[in-house]
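So this block is target_39.pdb, PDB, C-alpha atoms, pLDDT in the B column:
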```
ATOM      1  CA  MET N   1       0.000   0.000   0.000  1.00 66.00           C
ATOM      2  CA  THR N   2       0.978   3.621  -0.412  1.00 90.00           C
ATOM      3  CA  TYR N   3      -0.402   7.116  -0.295  1.00 97.00           C
ATOM      4  CA  VAL N   4      -1.983   8.762  -3.338  1.00 97.00           C
ATOM      5  CA  ILE N   5      -2.261  12.395  -4.384  1.00 98.00           C
ATOM      6  CA  ALA N   6      -5.696  13.059  -5.874  1.00 97.00           C
ATOM      7  CA  HIS N   7      -7.613  15.771  -7.727  1.00 96.00           C
ATOM      8  CA  PRO N   8      -7.387  18.642  -5.198  1.00 97.00           C
ATOM      9  CA  CYS N   9      -3.645  18.932  -5.922  1.00 97.00           C
ATOM     10  CA  VAL N  10      -4.037  19.449  -9.674  1.00 97.00           C
ATOM     11  CA  ASP N  11      -2.949  22.994 -10.545  1.00 97.00           C
ATOM     12  CA  VAL N  12      -2.340  23.780  -6.840  1.00 95.00           C
ATOM     13  CA  LYS N  13       0.911  21.971  -5.891  1.00 95.00           C
ATOM     14  CA  ASP N  14       1.291  23.575  -2.438  1.00 94.00           C
ATOM     15  CA  LYS N  15       4.317  21.314  -1.679  1.00 95.00           C
ATOM     16  CA  ALA N  16       3.863  21.270   2.105  1.00 96.00           C
ATOM     17  CA  CYS N  17       3.878  17.482   1.678  1.00 97.00           C
ATOM     18  CA  VAL N  18       7.371  17.600   0.142  1.00 96.00           C
ATOM     19  CA  GLU N  19       8.740  19.442   3.171  1.00 95.00           C
ATOM     20  CA  GLU N  20       7.258  16.825   5.512  1.00 96.00           C
ATOM     21  CA  CYS N  21       8.240  13.647   3.633  1.00 97.00           C
ATOM     22  CA  PRO N  22      11.154  11.930   5.416  1.00 97.00           C
ATOM     23  CA  VAL N  23      12.093   9.783   2.390  1.00 97.00           C
ATOM     24  CA  ASP N  24      11.815  12.371  -0.416  1.00 97.00           C
ATOM     25  CA  CYS N  25       9.300  10.314  -2.414  1.00 97.00           C
ATOM     26  CA  ILE N  26       6.972  13.119  -3.574  1.00 97.00           C
ATOM     27  CA  TYR N  27       7.799  14.232  -7.102  1.00 98.00           C
ATOM     28  CA  GLU N  28       6.604  17.304  -8.958  1.00 98.00           C
ATOM     29  CA  GLY N  29       4.958  17.027 -12.355  1.00 97.00           C
ATOM     30  CA  ARG N  30       3.751  19.960 -14.427  1.00 97.00           C
ATOM     31  CA  ARG N  31       0.281  20.144 -12.852  1.00 97.00           C
ATOM     32  CA  SER N  32       0.363  17.817  -9.856  1.00 98.00           C
ATOM     33  CA  MET N  33       2.565  16.170  -7.279  1.00 98.00           C
ATOM     34  CA  TYR N  34       3.049  12.373  -7.350  1.00 98.00           C
ATOM     35  CA  ILE N  35       3.969   9.898  -4.602  1.00 97.00           C
ATOM     36  CA  HIS N  36       6.350   7.171  -5.747  1.00 96.00           C
ATOM     37  CA  PRO N  37       4.664   3.900  -4.668  1.00 94.00           C
ATOM     38  CA  GLU N  38       7.943   1.999  -4.255  1.00 94.00           C
ATOM     39  CA  GLU N  39       9.769   4.752  -2.365  1.00 95.00           C
ATOM     40  CA  CYS N  40       6.899   5.674  -0.002  1.00 96.00           C
ATOM     41  CA  VAL N  41       7.285   4.085   3.444  1.00 96.00           C
ATOM     42  CA  ASP N  42       3.631   4.671   4.400  1.00 95.00           C
ATOM     43  CA  CYS N  43       4.514   6.937   7.320  1.00 96.00           C
ATOM     44  CA  GLY N  44       1.556   9.246   6.636  1.00 96.00           C
ATOM     45  CA  ALA N  45       3.468  12.438   7.457  1.00 97.00           C
ATOM     46  CA  CYS N  46       2.334  14.081   4.214  1.00 97.00           C
ATOM     47  CA  GLU N  47      -1.402  13.600   4.673  1.00 97.00           C
ATOM     48  CA  PRO N  48      -2.160  15.984   7.574  1.00 97.00           C
ATOM     49  CA  VAL N  49      -0.052  18.856   6.189  1.00 98.00           C
ATOM     50  CA  CYS N  50      -1.777  19.014   2.802  1.00 97.00           C
ATOM     51  CA  PRO N  51      -3.834  22.227   2.874  1.00 96.00           C
ATOM     52  CA  VAL N  52      -6.210  21.035   0.140  1.00 96.00           C
ATOM     53  CA  GLU N  53      -6.687  17.491   1.529  1.00 96.00           C
ATOM     54  CA  ALA N  54      -5.436  15.837  -1.660  1.00 97.00           C
ATOM     55  CA  ILE N  55      -3.489  12.969  -0.040  1.00 98.00           C
ATOM     56  CA  TYR N  56      -5.149   9.675   0.854  1.00 97.00           C
ATOM     57  CA  TYR N  57      -4.039   6.275   2.007  1.00 96.00           C
ATOM     58  CA  GLU N  58      -4.586   4.114  -1.078  1.00 93.00           C
ATOM     59  CA  ASP N  59      -7.506   2.149   0.413  1.00 94.00           C
ATOM     60  CA  ASP N  60      -9.159   5.381   1.601  1.00 95.00           C
ATOM     61  CA  THR N  61      -9.082   7.243  -1.716  1.00 95.00           C
ATOM     62  CA  PRO N  62     -12.629   8.461  -2.483  1.00 96.00           C
ATOM     63  CA  ALA N  63     -14.324   6.450  -5.231  1.00 96.00           C
ATOM     64  CA  GLU N  64     -14.518   9.426  -7.601  1.00 96.00           C
ATOM     65  CA  TRP N  65     -10.721   9.770  -7.417  1.00 96.00           C
ATOM     66  CA  LYS N  66      -9.669   6.092  -7.671  1.00 95.00           C
ATOM     67  CA  GLU N  67      -8.134   6.740 -11.094  1.00 96.00           C
ATOM     68  CA  TYR N  68      -5.508   8.878  -9.365  1.00 97.00           C
ATOM     69  CA  GLN N  69      -4.085   5.662  -7.853  1.00 95.00           C
ATOM     70  CA  THR N  70      -3.241   4.423 -11.333  1.00 95.00           C
ATOM     71  CA  ALA N  71      -1.994   7.846 -12.445  1.00 96.00           C
ATOM     72  CA  ASN N  72       0.347   8.119  -9.428  1.00 94.00           C
ATOM     73  CA  ALA N  73       1.827   4.666 -10.068  1.00 94.00           C
ATOM     74  CA  GLU N  74       2.083   4.929 -13.869  1.00 96.00           C
ATOM     75  CA  PHE N  75       3.736   8.361 -13.687  1.00 97.00           C
ATOM     76  CA  PHE N  76       6.894   6.477 -12.649  1.00 96.00           C
ATOM     77  CA  ASP N  77       6.816   3.855 -15.433  1.00 95.00           C
ATOM     78  CA  GLU N  78       9.202   5.932 -17.561  1.00 90.00           C
ATOM     79  CA  LEU N  79      11.095   7.588 -14.698  1.00 92.00           C
ATOM     80  CA  GLY N  80      11.728   4.424 -12.705  1.00 93.00           C
ATOM     81  CA  SER N  81      12.861   4.757  -9.098  1.00 91.00           C
ATOM     82  CA  PRO N  82      15.442   7.548  -8.897  1.00 91.00           C
ATOM     83  CA  GLY N  83      15.657   7.234  -5.120  1.00 89.00           C
ATOM     84  CA  GLY N  84      14.567  10.752  -4.269  1.00 93.00           C
ATOM     85  CA  ALA N  85      12.683  13.683  -5.713  1.00 95.00           C
ATOM     86  CA  ALA N  86      15.014  16.515  -4.676  1.00 93.00           C
ATOM     87  CA  ASP N  87      17.558  15.811  -7.412  1.00 92.00           C
ATOM     88  CA  GLN N  88      14.840  15.503 -10.058  1.00 94.00           C
ATOM     89  CA  GLY N  89      13.255  18.943  -9.729  1.00 94.00           C
ATOM     90  CA  LEU N  90      10.235  19.683 -11.876  1.00 96.00           C
ATOM     91  CA  ILE N  91       9.460  16.808 -14.238  1.00 96.00           C
ATOM     92  CA  GLU N  92       8.099  18.466 -17.368  1.00 96.00           C
ATOM     93  CA  ARG N  93       5.183  16.101 -17.874  1.00 97.00           C
ATOM     94  CA  ASP N  94       2.144  14.614 -16.152  1.00 97.00           C
ATOM     95  CA  HIS N  95       0.307  11.341 -16.395  1.00 97.00           C
ATOM     96  CA  PRO N  96      -2.087  11.624 -19.382  1.00 97.00           C
ATOM     97  CA  PHE N  97      -5.128  11.363 -17.068  1.00 97.00           C
ATOM     98  CA  ILE N  98      -3.962  14.377 -15.052  1.00 97.00           C
ATOM     99  CA  ALA N  99      -2.757  16.308 -18.115  1.00 97.00           C
ATOM    100  CA  GLY N 100      -6.267  15.896 -19.547  1.00 96.00           C
ATOM    101  CA  GLN N 101      -8.032  17.429 -16.551  1.00 95.00           C
ATOM    102  CA  PRO N 102      -9.631  20.843 -17.132  1.00 94.00           C
ATOM    103  CA  LEU N 103      -7.397  23.716 -15.995  1.00 93.00           C
ATOM    104  CA  ARG N 104      -8.374  25.095 -12.623  1.00 84.00           C
ATOM    105  CA  ALA N 105      -8.628  28.854 -12.164  1.00 72.00           C
ATOM    106  CA  ALA N 106      -5.755  30.409 -10.255  1.00 61.00           C
TER     107      ALA N 106
END
```

Let me see the structure of the file written as C-alpha cells.
Amino acid sequence: MTYVIAHPCVDVKDKACVEECPVDCIYEGRRSMYIHPEECVDCGACEPVCPVEAIYYEDDTPAEWKEYQTANAEFFDELGSPGGAADQGLIERDHPFIAGQPLRAA
C-alpha cells in the first residue's frame, strides 16, 4: 500500500507534503505532485499537512478519485525509481489522465 495524491492537488501543488516527507518520495509534475509507490514508506506524514486534503491512504481514496491511484503509479513507469525527488526537480510532464483534466482557475 501507499499514499496517493488526488484531484485537489491538480494545478495547486502547495508542496507542504514535500517538506514533511522523510524519504523524499513526492515528485513534482507539471500540474500535480506524485507519490512514488515503491519509495513511499507509508509513514503518513504528508497527509495531515496538505492544505487542500489531496493525499489519501490508497484504500481510503474516495471512489470518484480512484483513477488517481493508477496515475500516481504509472507516472513512474518511464522515470523508474530515482531514489529521491530533490535531485529531479520539476518533471516536465504529467500522467495523461492528469494532463487531460480541465485547468483550474488560479

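Between CA of Phe75 (chain N) and CA of Gly44 (chain N) lies a distance of 20.5 Å.
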
What does the PyMOL selection byres ((chain N and resi 27) around 12) select in this file, as a PyMOL selection string?
-> chain N and resi 4-5+13+15+17-19+21+23-26+28-37+39-40+72-73+75-76+79-94

Write to file, as a JSON list (two decimals), in the coordinates of the input, the residues of the selection just made, with C-alpha atoms.
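Wrote it out as result_18.json, contents follow:
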```json
[["chain", "number", "residue", "atom", "x", "y", "z"],
["N", 4, "VAL", "CA", -1.98, 8.76, -3.34],
["N", 5, "ILE", "CA", -2.26, 12.40, -4.38],
["N", 13, "LYS", "CA", 0.91, 21.97, -5.89],
["N", 15, "LYS", "CA", 4.32, 21.31, -1.68],
["N", 17, "CYS", "CA", 3.88, 17.48, 1.68],
["N", 18, "VAL", "CA", 7.37, 17.60, 0.14],
["N", 19, "GLU", "CA", 8.74, 19.44, 3.17],
["N", 21, "CYS", "CA", 8.24, 13.65, 3.63],
["N", 23, "VAL", "CA", 12.09, 9.78, 2.39],
["N", 24, "ASP", "CA", 11.82, 12.37, -0.42],
["N", 25, "CYS", "CA", 9.30, 10.31, -2.41],
["N", 26, "ILE", "CA", 6.97, 13.12, -3.57],
["N", 28, "GLU", "CA", 6.60, 17.30, -8.96],
["N", 29, "GLY", "CA", 4.96, 17.03, -12.36],
["N", 30, "ARG", "CA", 3.75, 19.96, -14.43],
["N", 31, "ARG", "CA", 0.28, 20.14, -12.85],
["N", 32, "SER", "CA", 0.36, 17.82, -9.86],
["N", 33, "MET", "CA", 2.56, 16.17, -7.28],
["N", 34, "TYR", "CA", 3.05, 12.37, -7.35],
["N", 35, "ILE", "CA", 3.97, 9.90, -4.60],
["N", 36, "HIS", "CA", 6.35, 7.17, -5.75],
["N", 37, "PRO", "CA", 4.66, 3.90, -4.67],
["N", 39, "GLU", "CA", 9.77, 4.75, -2.37],
["N", 40, "CYS", "CA", 6.90, 5.67, 0.00],
["N", 72, "ASN", "CA", 0.35, 8.12, -9.43],
["N", 73, "ALA", "CA", 1.83, 4.67, -10.07],
["N", 75, "PHE", "CA", 3.74, 8.36, -13.69],
["N", 76, "PHE", "CA", 6.89, 6.48, -12.65],
["N", 79, "LEU", "CA", 11.10, 7.59, -14.70],
["N", 80, "GLY", "CA", 11.73, 4.42, -12.70],
["N", 81, "SER", "CA", 12.86, 4.76, -9.10],
["N", 82, "PRO", "CA", 15.44, 7.55, -8.90],
["N", 83, "GLY", "CA", 15.66, 7.23, -5.12],
["N", 84, "GLY", "CA", 14.57, 10.75, -4.27],
["N", 85, "ALA", "CA", 12.68, 13.68, -5.71],
["N", 86, "ALA", "CA", 15.01, 16.52, -4.68],
["N", 87, "ASP", "CA", 17.56, 15.81, -7.41],
["N", 88, "GLN", "CA", 14.84, 15.50, -10.06],
["N", 89, "GLY", "CA", 13.26, 18.94, -9.73],
["N", 90, "LEU", "CA", 10.24, 19.68, -11.88],
["N", 91, "ILE", "CA", 9.46, 16.81, -14.24],
["N", 92, "GLU", "CA", 8.10, 18.47, -17.37],
["N", 93, "ARG", "CA", 5.18, 16.10, -17.87],
["N", 94, "ASP", "CA", 2.14, 14.61, -16.15]]
```

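Our summary of the geometry notes that CA of Tyr57 (chain N) is positioned 11.1 Å from CA of Ala45 (chain N).
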
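Between Ala54 (chain N) and the candidates N:Lys66, N:Cys9, N:Ala99, N:Arg104, the tightest atom-to-atom separation, counting only C-alpha atoms, involves N:Cys9.
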
Quote the spacing between CA of Glu38 (chain N) and CA of Glu64 (chain N) in Å to one decimal place.
-> 23.9 Å

Any chance you could resolve the PyMOL selection byres ((chain N and resi 105) around 12) against this file and give the residues as a ChimeraX atom specification?
-> /N:10-12,102-104,106

Padded axis-aligned box of region 17-32 of chain N (5 Å per side), centre and edge lengths, Å, one decimal, as lines of an AutoDock Vina configuration file:
```
center_x = 6.2
center_y = 15.0
center_z = -4.5
size_x = 21.8
size_y = 20.4
size_z = 29.9
```

Which of these residues is nearest to Glu67 (chain N), using all atoms listed in the file: N:Pro22, N:Pro96, N:Cys43, N:Val49?
->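 Of N:Pro22, N:Pro96, N:Cys43, N:Val49, the one nearest Glu67 (chain N) is N:Pro96, counting all atoms listed in the file.
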
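Checking N:Val41, N:His95, N:Ile55, N:Thr70 one by one against His7 (chain N), counting all atoms listed in the file, you find the shortest gap at N:Ile55.
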
Among listed residues N:Asp77, N:Glu20, N:Asp14, N:Gln101, nearest Cys46 (chain N) (using all atoms listed in the file) =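 Answer, going by the shortest atom-to-atom distance: N:Glu20.
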
Using the incomplete input, complete region 32-48 of chain N to the level of N, CA and C atoms; output as a PDB file, keeping the file's coordinate frame.
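result_26.pdb, freshly written:
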```
ATOM      1  N   SER N  32       0.683  18.512 -11.097  1.00 98.00           N
ATOM      2  CA  SER N  32       0.363  17.817  -9.856  1.00 98.00           C
ATOM      3  C   SER N  32       1.627  17.230  -9.239  1.00 98.00           C
ATOM      4  N   MET N  33       1.514  16.899  -7.978  1.00 98.00           N
ATOM      5  CA  MET N  33       2.565  16.170  -7.279  1.00 98.00           C
ATOM      6  C   MET N  33       2.225  14.680  -7.376  1.00 98.00           C
ATOM      7  N   TYR N  34       3.223  13.822  -7.241  1.00 98.00           N
ATOM      8  CA  TYR N  34       3.049  12.373  -7.350  1.00 98.00           C
ATOM      9  C   TYR N  34       3.854  11.681  -6.262  1.00 98.00           C
ATOM     10  N   ILE N  35       3.265  10.686  -5.617  1.00 97.00           N
ATOM     11  CA  ILE N  35       3.969   9.898  -4.602  1.00 97.00           C
ATOM     12  C   ILE N  35       4.463   8.615  -5.256  1.00 97.00           C
ATOM     13  N   HIS N  36       5.764   8.386  -5.165  1.00 96.00           N
ATOM     14  CA  HIS N  36       6.350   7.171  -5.747  1.00 96.00           C
ATOM     15  C   HIS N  36       5.933   5.971  -4.893  1.00 96.00           C
ATOM     16  N   PRO N  37       5.191   5.014  -5.467  1.00 94.00           N
ATOM     17  CA  PRO N  37       4.664   3.900  -4.668  1.00 94.00           C
ATOM     18  C   PRO N  37       5.724   2.950  -4.115  1.00 94.00           C
ATOM     19  N   GLU N  38       6.894   2.892  -4.743  1.00 94.00           N
ATOM     20  CA  GLU N  38       7.943   1.999  -4.255  1.00 94.00           C
ATOM     21  C   GLU N  38       8.868   2.690  -3.258  1.00 94.00           C
ATOM     22  N   GLU N  39       8.904   4.005  -3.275  1.00 95.00           N
ATOM     23  CA  GLU N  39       9.769   4.752  -2.365  1.00 95.00           C
ATOM     24  C   GLU N  39       9.035   5.182  -1.092  1.00 95.00           C
ATOM     25  N   CYS N  40       7.709   5.274  -1.164  1.00 96.00           N
ATOM     26  CA  CYS N  40       6.899   5.674  -0.002  1.00 96.00           C
ATOM     27  C   CYS N  40       6.973   4.598   1.075  1.00 96.00           C
ATOM     28  N   VAL N  41       7.191   5.024   2.318  1.00 96.00           N
ATOM     29  CA  VAL N  41       7.285   4.085   3.444  1.00 96.00           C
ATOM     30  C   VAL N  41       6.004   4.077   4.277  1.00 96.00           C
ATOM     31  N   ASP N  42       4.948   4.669   3.756  1.00 95.00           N
ATOM     32  CA  ASP N  42       3.631   4.671   4.400  1.00 95.00           C
ATOM     33  C   ASP N  42       3.626   5.298   5.787  1.00 95.00           C
ATOM     34  N   CYS N  43       4.456   6.307   5.995  1.00 96.00           N
ATOM     35  CA  CYS N  43       4.514   6.937   7.320  1.00 96.00           C
ATOM     36  C   CYS N  43       3.317   7.849   7.571  1.00 96.00           C
ATOM     37  N   GLY N  44       2.725   8.386   6.498  1.00 96.00           N
ATOM     38  CA  GLY N  44       1.556   9.246   6.636  1.00 96.00           C
ATOM     39  C   GLY N  44       1.856  10.681   7.009  1.00 96.00           C
ATOM     40  N   ALA N  45       3.114  11.076   7.055  1.00 97.00           N
ATOM     41  CA  ALA N  45       3.468  12.438   7.457  1.00 97.00           C
ATOM     42  C   ALA N  45       2.922  13.483   6.486  1.00 97.00           C
ATOM     43  N   CYS N  46       2.782  13.132   5.232  1.00 97.00           N
ATOM     44  CA  CYS N  46       2.334  14.081   4.214  1.00 97.00           C
ATOM     45  C   CYS N  46       0.842  14.408   4.315  1.00 97.00           C
ATOM     46  N   GLU N  47       0.056  13.444   4.708  1.00 97.00           N
ATOM     47  CA  GLU N  47      -1.402  13.600   4.673  1.00 97.00           C
ATOM     48  C   GLU N  47      -1.930  14.777   5.505  1.00 97.00           C
ATOM     49  N   PRO N  48      -1.564  14.904   6.779  1.00 97.00           N
ATOM     50  CA  PRO N  48      -2.160  15.984   7.574  1.00 97.00           C
ATOM     51  C   PRO N  48      -1.679  17.385   7.218  1.00 97.00           C
TER      52      PRO N  48
END
```
